[in-house]
Amino acid sequence: MKRLVFMVDLFEKIVVGVTVVTAIYIPVFYGWKAQIEVNILWQIVGLSVVCALGSVILPLEDGKEVSRRGMLVRNILYYLYINIVVLGLGFLFDWFTFRNIPQLLGMAISIGVVFIAVYFFSYCAQCEEAKRMNKKLRERERQL
């Protein structure tokens with residue numbers, strides 16, 4: 001159940017990140033008067049689902065301890081997975097072409113920005129959760 005909650009939270013952050021980056025990417029590469037189809041919204045949702053599902057390689061705090069190196073390797077693998085998914089689906093959705101180097105670089109930068117933003121906000125949320133739990137533990141200790 002904790003894994004599902006984690007994935008839904010991650011999905012939400014990915015959708016917001018992809019939507020914001022899309023709002024920047026389209027005018028930069030296609031102009032402010034670009035005509036886009038409504039199906040891009042479903043493409044963003046689908047892409048976000050696939051990206052969130054890949055998070056199964058990331059450990060949750062309930063599982064066995066993972067070393068720093070192990071965590072780094074898992075994060076790198078997840079980042080590579082995200083790149084493959086976004087570039088693959090983005091190409092299939094005609095968001096860009098591999099022949100247009102500026103578009104490809106824009107996609108690569110966008111992937112990195114969204115990944116870092118999602119990672120940062122997830123980290124901040126985990127820190128807040130840890131503070132909340134520590135506060136409750138201190139309150140419980142005082143009561144005993």
# chains A, B, ... in the order shown; residues from 1 in each chain; ligands from 1
$ residues_around --residues "segment 107-115 of chain A" --least-positions-apart "5" --cutoff "8 Å" --atoms "only C-alpha atoms" --output "list in words"
Ile14, Gly17, Val18, Val21, Tyr79, Ile82, Asn83, Val86, Leu87 and Phe96 of chain A
$ write_last_selection --atoms "N, CA, C and O atoms" --output "PDB file, in the first residue's frame"
ATOM      1  N   ILE A  14       5.003  14.517 -11.236  1.00  0.00           N
ATOM      2  CA  ILE A  14       5.434  14.385 -12.628  1.00  0.00           C
ATOM      3  C   ILE A  14       4.463  15.097 -13.552  1.00  0.00           C
ATOM      4  O   ILE A  14       4.878  15.819 -14.471  1.00  0.00           O
ATOM      5  N   GLY A  17       5.073  18.797 -13.292  1.00  0.00           N
ATOM      6  CA  GLY A  17       6.347  19.141 -13.926  1.00  0.00           C
ATOM      7  C   GLY A  17       6.278  19.092 -15.440  1.00  0.00           C
ATOM      8  O   GLY A  17       6.732  20.014 -16.134  1.00  0.00           O
ATOM      9  N   VAL A  18       5.706  18.032 -15.972  1.00  0.00           N
ATOM     10  CA  VAL A  18       5.603  17.882 -17.429  1.00  0.00           C
ATOM     11  C   VAL A  18       4.692  18.961 -18.012  1.00  0.00           C
ATOM     12  O   VAL A  18       4.981  19.525 -19.069  1.00  0.00           O
ATOM     13  N   VAL A  21       6.635  22.292 -18.023  1.00  0.00           N
ATOM     14  CA  VAL A  21       7.672  22.271 -19.053  1.00  0.00           C
ATOM     15  C   VAL A  21       7.046  22.316 -20.451  1.00  0.00           C
ATOM     16  O   VAL A  21       7.562  22.977 -21.353  1.00  0.00           O
ATOM     17  N   TYR A  79      16.709   7.515 -13.610  1.00  0.00           N
ATOM     18  CA  TYR A  79      16.880   8.655 -14.523  1.00  0.00           C
ATOM     19  C   TYR A  79      17.022   8.165 -15.965  1.00  0.00           C
ATOM     20  O   TYR A  79      16.424   8.740 -16.878  1.00  0.00           O
ATOM     21  N   ILE A  82      13.624   7.113 -17.130  1.00  0.00           N
ATOM     22  CA  ILE A  82      12.809   8.295 -17.443  1.00  0.00           C
ATOM     23  C   ILE A  82      13.191   8.848 -18.817  1.00  0.00           C
ATOM     24  O   ILE A  82      12.321   9.199 -19.619  1.00  0.00           O
ATOM     25  N   ASN A  83      14.485   8.933 -19.096  1.00  0.00           N
ATOM     26  CA  ASN A  83      14.935   9.437 -20.396  1.00  0.00           C
ATOM     27  C   ASN A  83      14.430   8.569 -21.537  1.00  0.00           C
ATOM     28  O   ASN A  83      13.935   9.090 -22.547  1.00  0.00           O
ATOM     29  N   VAL A  86      10.507   9.095 -21.794  1.00  0.00           N
ATOM     30  CA  VAL A  86      10.097  10.406 -22.302  1.00  0.00           C
ATOM     31  C   VAL A  86      10.547  10.597 -23.748  1.00  0.00           C
ATOM     32  O   VAL A  86       9.760  11.065 -24.583  1.00  0.00           O
ATOM     33  N   LEU A  87      11.768  10.225 -24.068  1.00  0.00           N
ATOM     34  CA  LEU A  87      12.226  10.377 -25.449  1.00  0.00           C
ATOM     35  C   LEU A  87      11.472   9.425 -26.384  1.00  0.00           C
ATOM     36  O   LEU A  87      11.083   9.811 -27.489  1.00  0.00           O
ATOM     37  N   PHE A  96       8.605  15.913 -30.753  1.00  0.00           N
ATOM     38  CA  PHE A  96       9.879  16.384 -31.294  1.00  0.00           C
ATOM     39  C   PHE A  96      10.344  15.367 -32.322  1.00  0.00           C
ATOM     40  O   PHE A  96       9.740  14.308 -32.500  1.00  0.00           O
TER      41      PHE A  96
END
$ select_by_dssp --residues "segment 2-138 of chain A" --states "helix (DSSP H, G or I)" --output "number ranges by chain"
A: 2-30, 39-57, 68-92, 101-138
$ residues_around --residues "segment 44-48 of chain A" --least-positions-apart "6" --cutoff "12 Å" --atoms "only C-alpha atoms" --output "PDB file with N, CA, C and O atoms, in the first residue's frame"
ATOM      1  N   MET A   7       3.787   6.039  -5.407  1.00  0.00           N
ATOM      2  CA  MET A   7       3.648   6.186  -6.859  1.00  0.00           C
ATOM      3  C   MET A   7       2.624   7.259  -7.227  1.00  0.00           C
ATOM      4  O   MET A   7       2.840   8.020  -8.166  1.00  0.00           O
ATOM      5  N   VAL A   8       1.517   7.314  -6.507  1.00  0.00           N
ATOM      6  CA  VAL A   8       0.493   8.327  -6.787  1.00  0.00           C
ATOM      7  C   VAL A   8       1.061   9.721  -6.508  1.00  0.00           C
ATOM      8  O   VAL A   8       0.865  10.653  -7.294  1.00  0.00           O
ATOM      9  N   ASP A   9       1.782   9.865  -5.405  1.00  0.00           N
ATOM     10  CA  ASP A   9       2.406  11.146  -5.078  1.00  0.00           C
ATOM     11  C   ASP A   9       3.412  11.542  -6.161  1.00  0.00           C
ATOM     12  O   ASP A   9       3.449  12.691  -6.606  1.00  0.00           O
ATOM     13  N   LEU A  10       4.204  10.590  -6.585  1.00  0.00           N
ATOM     14  CA  LEU A  10       5.191  10.834  -7.640  1.00  0.00           C
ATOM     15  C   LEU A  10       4.498  11.190  -8.956  1.00  0.00           C
ATOM     16  O   LEU A  10       4.898  12.126  -9.650  1.00  0.00           O
ATOM     17  N   PHE A  11       3.431  10.464  -9.280  1.00  0.00           N
ATOM     18  CA  PHE A  11       2.649  10.740 -10.484  1.00  0.00           C
ATOM     19  C   PHE A  11       2.161  12.186 -10.499  1.00  0.00           C
ATOM     20  O   PHE A  11       2.272  12.885 -11.504  1.00  0.00           O
ATOM     21  N   GLU A  12       1.624  12.628  -9.368  1.00  0.00           N
ATOM     22  CA  GLU A  12       1.119  14.005  -9.284  1.00  0.00           C
ATOM     23  C   GLU A  12       2.220  15.020  -9.568  1.00  0.00           C
ATOM     24  O   GLU A  12       2.022  15.980 -10.320  1.00  0.00           O
ATOM     25  N   LYS A  13       3.385  14.803  -8.978  1.00  0.00           N
ATOM     26  CA  LYS A  13       4.505  15.725  -9.181  1.00  0.00           C
ATOM     27  C   LYS A  13       4.982  15.693 -10.641  1.00  0.00           C
ATOM     28  O   LYS A  13       5.322  16.726 -11.219  1.00  0.00           O
ATOM     29  N   ILE A  14       5.003  14.517 -11.236  1.00  0.00           N
ATOM     30  CA  ILE A  14       5.434  14.385 -12.628  1.00  0.00           C
ATOM     31  C   ILE A  14       4.463  15.097 -13.552  1.00  0.00           C
ATOM     32  O   ILE A  14       4.878  15.819 -14.471  1.00  0.00           O
ATOM     33  N   VAL A  15       3.169  14.924 -13.332  1.00  0.00           N
ATOM     34  CA  VAL A  15       2.165  15.591 -14.178  1.00  0.00           C
ATOM     35  C   VAL A  15       2.354  17.106 -14.122  1.00  0.00           C
ATOM     36  O   VAL A  15       2.349  17.775 -15.157  1.00  0.00           O
ATOM     37  N   VAL A  16       2.518  17.644 -12.932  1.00  0.00           N
ATOM     38  CA  VAL A  16       2.706  19.093 -12.797  1.00  0.00           C
ATOM     39  C   VAL A  16       3.994  19.519 -13.515  1.00  0.00           C
ATOM     40  O   VAL A  16       3.986  20.498 -14.284  1.00  0.00           O
ATOM     41  N   GLY A  17       5.073  18.797 -13.292  1.00  0.00           N
ATOM     42  CA  GLY A  17       6.347  19.141 -13.926  1.00  0.00           C
ATOM     43  C   GLY A  17       6.278  19.092 -15.440  1.00  0.00           C
ATOM     44  O   GLY A  17       6.732  20.014 -16.134  1.00  0.00           O
ATOM     45  N   VAL A  18       5.706  18.032 -15.972  1.00  0.00           N
ATOM     46  CA  VAL A  18       5.603  17.882 -17.429  1.00  0.00           C
ATOM     47  C   VAL A  18       4.692  18.961 -18.012  1.00  0.00           C
ATOM     48  O   VAL A  18       4.981  19.525 -19.069  1.00  0.00           O
ATOM     49  N   THR A  19       3.611  19.279 -17.325  1.00  0.00           N
ATOM     50  CA  THR A  19       2.688  20.305 -17.814  1.00  0.00           C
ATOM     51  C   THR A  19       3.365  21.672 -17.862  1.00  0.00           C
ATOM     52  O   THR A  19       3.245  22.404 -18.855  1.00  0.00           O
ATOM     53  N   VAL A  20       4.099  22.027 -16.818  1.00  0.00           N
ATOM     54  CA  VAL A  20       4.803  23.308 -16.789  1.00  0.00           C
ATOM     55  C   VAL A  20       5.865  23.358 -17.894  1.00  0.00           C
ATOM     56  O   VAL A  20       5.958  24.344 -18.634  1.00  0.00           O
ATOM     57  N   VAL A  21       6.635  22.292 -18.023  1.00  0.00           N
ATOM     58  CA  VAL A  21       7.672  22.271 -19.053  1.00  0.00           C
ATOM     59  C   VAL A  21       7.046  22.316 -20.451  1.00  0.00           C
ATOM     60  O   VAL A  21       7.562  22.977 -21.353  1.00  0.00           O
ATOM     61  N   THR A  22       5.926  21.652 -20.629  1.00  0.00           N
ATOM     62  CA  THR A  22       5.229  21.678 -21.918  1.00  0.00           C
ATOM     63  C   THR A  22       4.764  23.095 -22.247  1.00  0.00           C
ATOM     64  O   THR A  22       4.854  23.534 -23.397  1.00  0.00           O
ATOM     65  N   ALA A  23       4.290  23.809 -21.237  1.00  0.00           N
ATOM     66  CA  ALA A  23       3.839  25.187 -21.439  1.00  0.00           C
ATOM     67  C   ALA A  23       4.993  26.097 -21.857  1.00  0.00           C
ATOM     68  O   ALA A  23       4.773  27.123 -22.509  1.00  0.00           O
ATOM     69  N   VAL A  38      -6.035  18.396 -28.192  1.00  0.00           N
ATOM     70  CA  VAL A  38      -6.391  18.110 -26.811  1.00  0.00           C
ATOM     71  C   VAL A  38      -5.802  16.781 -26.334  1.00  0.00           C
ATOM     72  O   VAL A  38      -5.567  16.615 -25.136  1.00  0.00           O
ATOM     73  N   GLY A  54       7.874   3.250 -13.138  1.00  0.00           N
ATOM     74  CA  GLY A  54       9.297   2.905 -13.113  1.00  0.00           C
ATOM     75  C   GLY A  54       9.949   3.114 -11.765  1.00  0.00           C
ATOM     76  O   GLY A  54      11.061   2.634 -11.524  1.00  0.00           O
ATOM     77  N   SER A  55       9.253   3.794 -10.873  1.00  0.00           N
ATOM     78  CA  SER A  55       9.828   4.068  -9.563  1.00  0.00           C
ATOM     79  C   SER A  55       9.931   2.826  -8.687  1.00  0.00           C
ATOM     80  O   SER A  55      10.440   2.917  -7.568  1.00  0.00           O
ATOM     81  N   ILE A  82      13.624   7.113 -17.130  1.00  0.00           N
ATOM     82  CA  ILE A  82      12.809   8.295 -17.443  1.00  0.00           C
ATOM     83  C   ILE A  82      13.191   8.848 -18.817  1.00  0.00           C
ATOM     84  O   ILE A  82      12.321   9.199 -19.619  1.00  0.00           O
ATOM     85  N   ASN A  83      14.485   8.933 -19.096  1.00  0.00           N
ATOM     86  CA  ASN A  83      14.935   9.437 -20.396  1.00  0.00           C
ATOM     87  C   ASN A  83      14.430   8.569 -21.537  1.00  0.00           C
ATOM     88  O   ASN A  83      13.935   9.090 -22.547  1.00  0.00           O
ATOM     89  N   ILE A  84      14.532   7.271 -21.380  1.00  0.00           N
ATOM     90  CA  ILE A  84      14.074   6.353 -22.431  1.00  0.00           C
ATOM     91  C   ILE A  84      12.569   6.499 -22.639  1.00  0.00           C
ATOM     92  O   ILE A  84      12.091   6.580 -23.775  1.00  0.00           O
ATOM     93  N   VAL A  85      11.821   6.555 -21.551  1.00  0.00           N
ATOM     94  CA  VAL A  85      10.359   6.679 -21.636  1.00  0.00           C
ATOM     95  C   VAL A  85       9.963   7.999 -22.295  1.00  0.00           C
ATOM     96  O   VAL A  85       9.161   8.017 -23.237  1.00  0.00           O
ATOM     97  N   VAL A  86      10.507   9.095 -21.794  1.00  0.00           N
ATOM     98  CA  VAL A  86      10.097  10.406 -22.302  1.00  0.00           C
ATOM     99  C   VAL A  86      10.547  10.597 -23.748  1.00  0.00           C
ATOM    100  O   VAL A  86       9.760  11.065 -24.583  1.00  0.00           O
ATOM    101  N   LEU A  87      11.768  10.225 -24.068  1.00  0.00           N
ATOM    102  CA  LEU A  87      12.226  10.377 -25.449  1.00  0.00           C
ATOM    103  C   LEU A  87      11.472   9.425 -26.384  1.00  0.00           C
ATOM    104  O   LEU A  87      11.083   9.811 -27.489  1.00  0.00           O
ATOM    105  N   GLY A  88      11.238   8.208 -25.932  1.00  0.00           N
ATOM    106  CA  GLY A  88      10.515   7.239 -26.763  1.00  0.00           C
ATOM    107  C   GLY A  88       9.067   7.640 -26.993  1.00  0.00           C
ATOM    108  O   GLY A  88       8.600   7.714 -28.139  1.00  0.00           O
ATOM    109  N   LEU A  89       8.359   7.913 -25.903  1.00  0.00           N
ATOM    110  CA  LEU A  89       6.949   8.301 -26.051  1.00  0.00           C
ATOM    111  C   LEU A  89       6.817   9.684 -26.686  1.00  0.00           C
ATOM    112  O   LEU A  89       5.914   9.918 -27.490  1.00  0.00           O
ATOM    113  N   GLY A  90       7.713  10.598 -26.334  1.00  0.00           N
ATOM    114  CA  GLY A  90       7.687  11.928 -26.948  1.00  0.00           C
ATOM    115  C   GLY A  90       7.855  11.857 -28.455  1.00  0.00           C
ATOM    116  O   GLY A  90       7.188  12.573 -29.207  1.00  0.00           O
ATOM    117  N   PHE A  91       8.720  10.969 -28.907  1.00  0.00           N
ATOM    118  CA  PHE A  91       8.903  10.768 -30.351  1.00  0.00           C
ATOM    119  C   PHE A  91       7.642  10.160 -30.973  1.00  0.00           C
ATOM    120  O   PHE A  91       7.169  10.619 -32.014  1.00  0.00           O
ATOM    121  N   LEU A  92       7.077   9.146 -30.304  1.00  0.00           N
ATOM    122  CA  LEU A  92       5.846   8.532 -30.810  1.00  0.00           C
ATOM    123  C   LEU A  92       4.681   9.517 -30.834  1.00  0.00           C
ATOM    124  O   LEU A  92       3.826   9.449 -31.721  1.00  0.00           O
ATOM    125  N   PHE A  93       4.634  10.435 -29.867  1.00  0.00           N
ATOM    126  CA  PHE A  93       3.569  11.427 -29.803  1.00  0.00           C
ATOM    127  C   PHE A  93       3.835  12.630 -30.713  1.00  0.00           C
ATOM    128  O   PHE A  93       3.062  13.581 -30.713  1.00  0.00           O
ATOM    129  N   TRP A  95       6.148  14.909 -30.353  1.00  0.00           N
ATOM    130  CA  TRP A  95       6.487  16.105 -29.595  1.00  0.00           C
ATOM    131  C   TRP A  95       7.771  16.729 -30.131  1.00  0.00           C
ATOM    132  O   TRP A  95       8.010  17.912 -29.914  1.00  0.00           O
ATOM    133  N   ILE A 111      13.745  17.062 -19.461  1.00  0.00           N
ATOM    134  CA  ILE A 111      13.733  15.837 -18.653  1.00  0.00           C
ATOM    135  C   ILE A 111      14.532  16.054 -17.376  1.00  0.00           C
ATOM    136  O   ILE A 111      14.085  15.718 -16.277  1.00  0.00           O
ATOM    137  N   VAL A 114      12.681  18.530 -14.930  1.00  0.00           N
ATOM    138  CA  VAL A 114      11.536  17.901 -14.259  1.00  0.00           C
ATOM    139  C   VAL A 114      12.023  16.855 -13.258  1.00  0.00           C
ATOM    140  O   VAL A 114      11.516  16.780 -12.133  1.00  0.00           O
ATOM    141  N   PHE A 115      13.007  16.064 -13.632  1.00  0.00           N
ATOM    142  CA  PHE A 115      13.529  15.038 -12.733  1.00  0.00           C
ATOM    143  C   PHE A 115      14.060  15.675 -11.451  1.00  0.00           C
ATOM    144  O   PHE A 115      13.728  15.239 -10.338  1.00  0.00           O
ATOM    145  N   VAL A 118      11.113  17.203  -9.360  1.00  0.00           N
ATOM    146  CA  VAL A 118      10.335  16.154  -8.687  1.00  0.00           C
ATOM    147  C   VAL A 118      11.137  15.566  -7.529  1.00  0.00           C
ATOM    148  O   VAL A 118      10.614  15.371  -6.424  1.00  0.00           O
TER     149      VAL A 118
END
$ atom_distance --atom1 "atom CA of Ile101 of chain A" --atom2 "atom CA of Phe120 of chain A"
28.3 Å
$ atom_distance --atom1 "atom CA of Phe29 of chain A" --atom2 "atom CA of Val50 of chain A"
24.9 Å
$ closest_residue --among "A:Trp42, A:Tyr81, A:Tyr123, A:Tyr25" --to "Gln103 of chain A" --atoms "only C-alpha atoms"
A:Tyr25
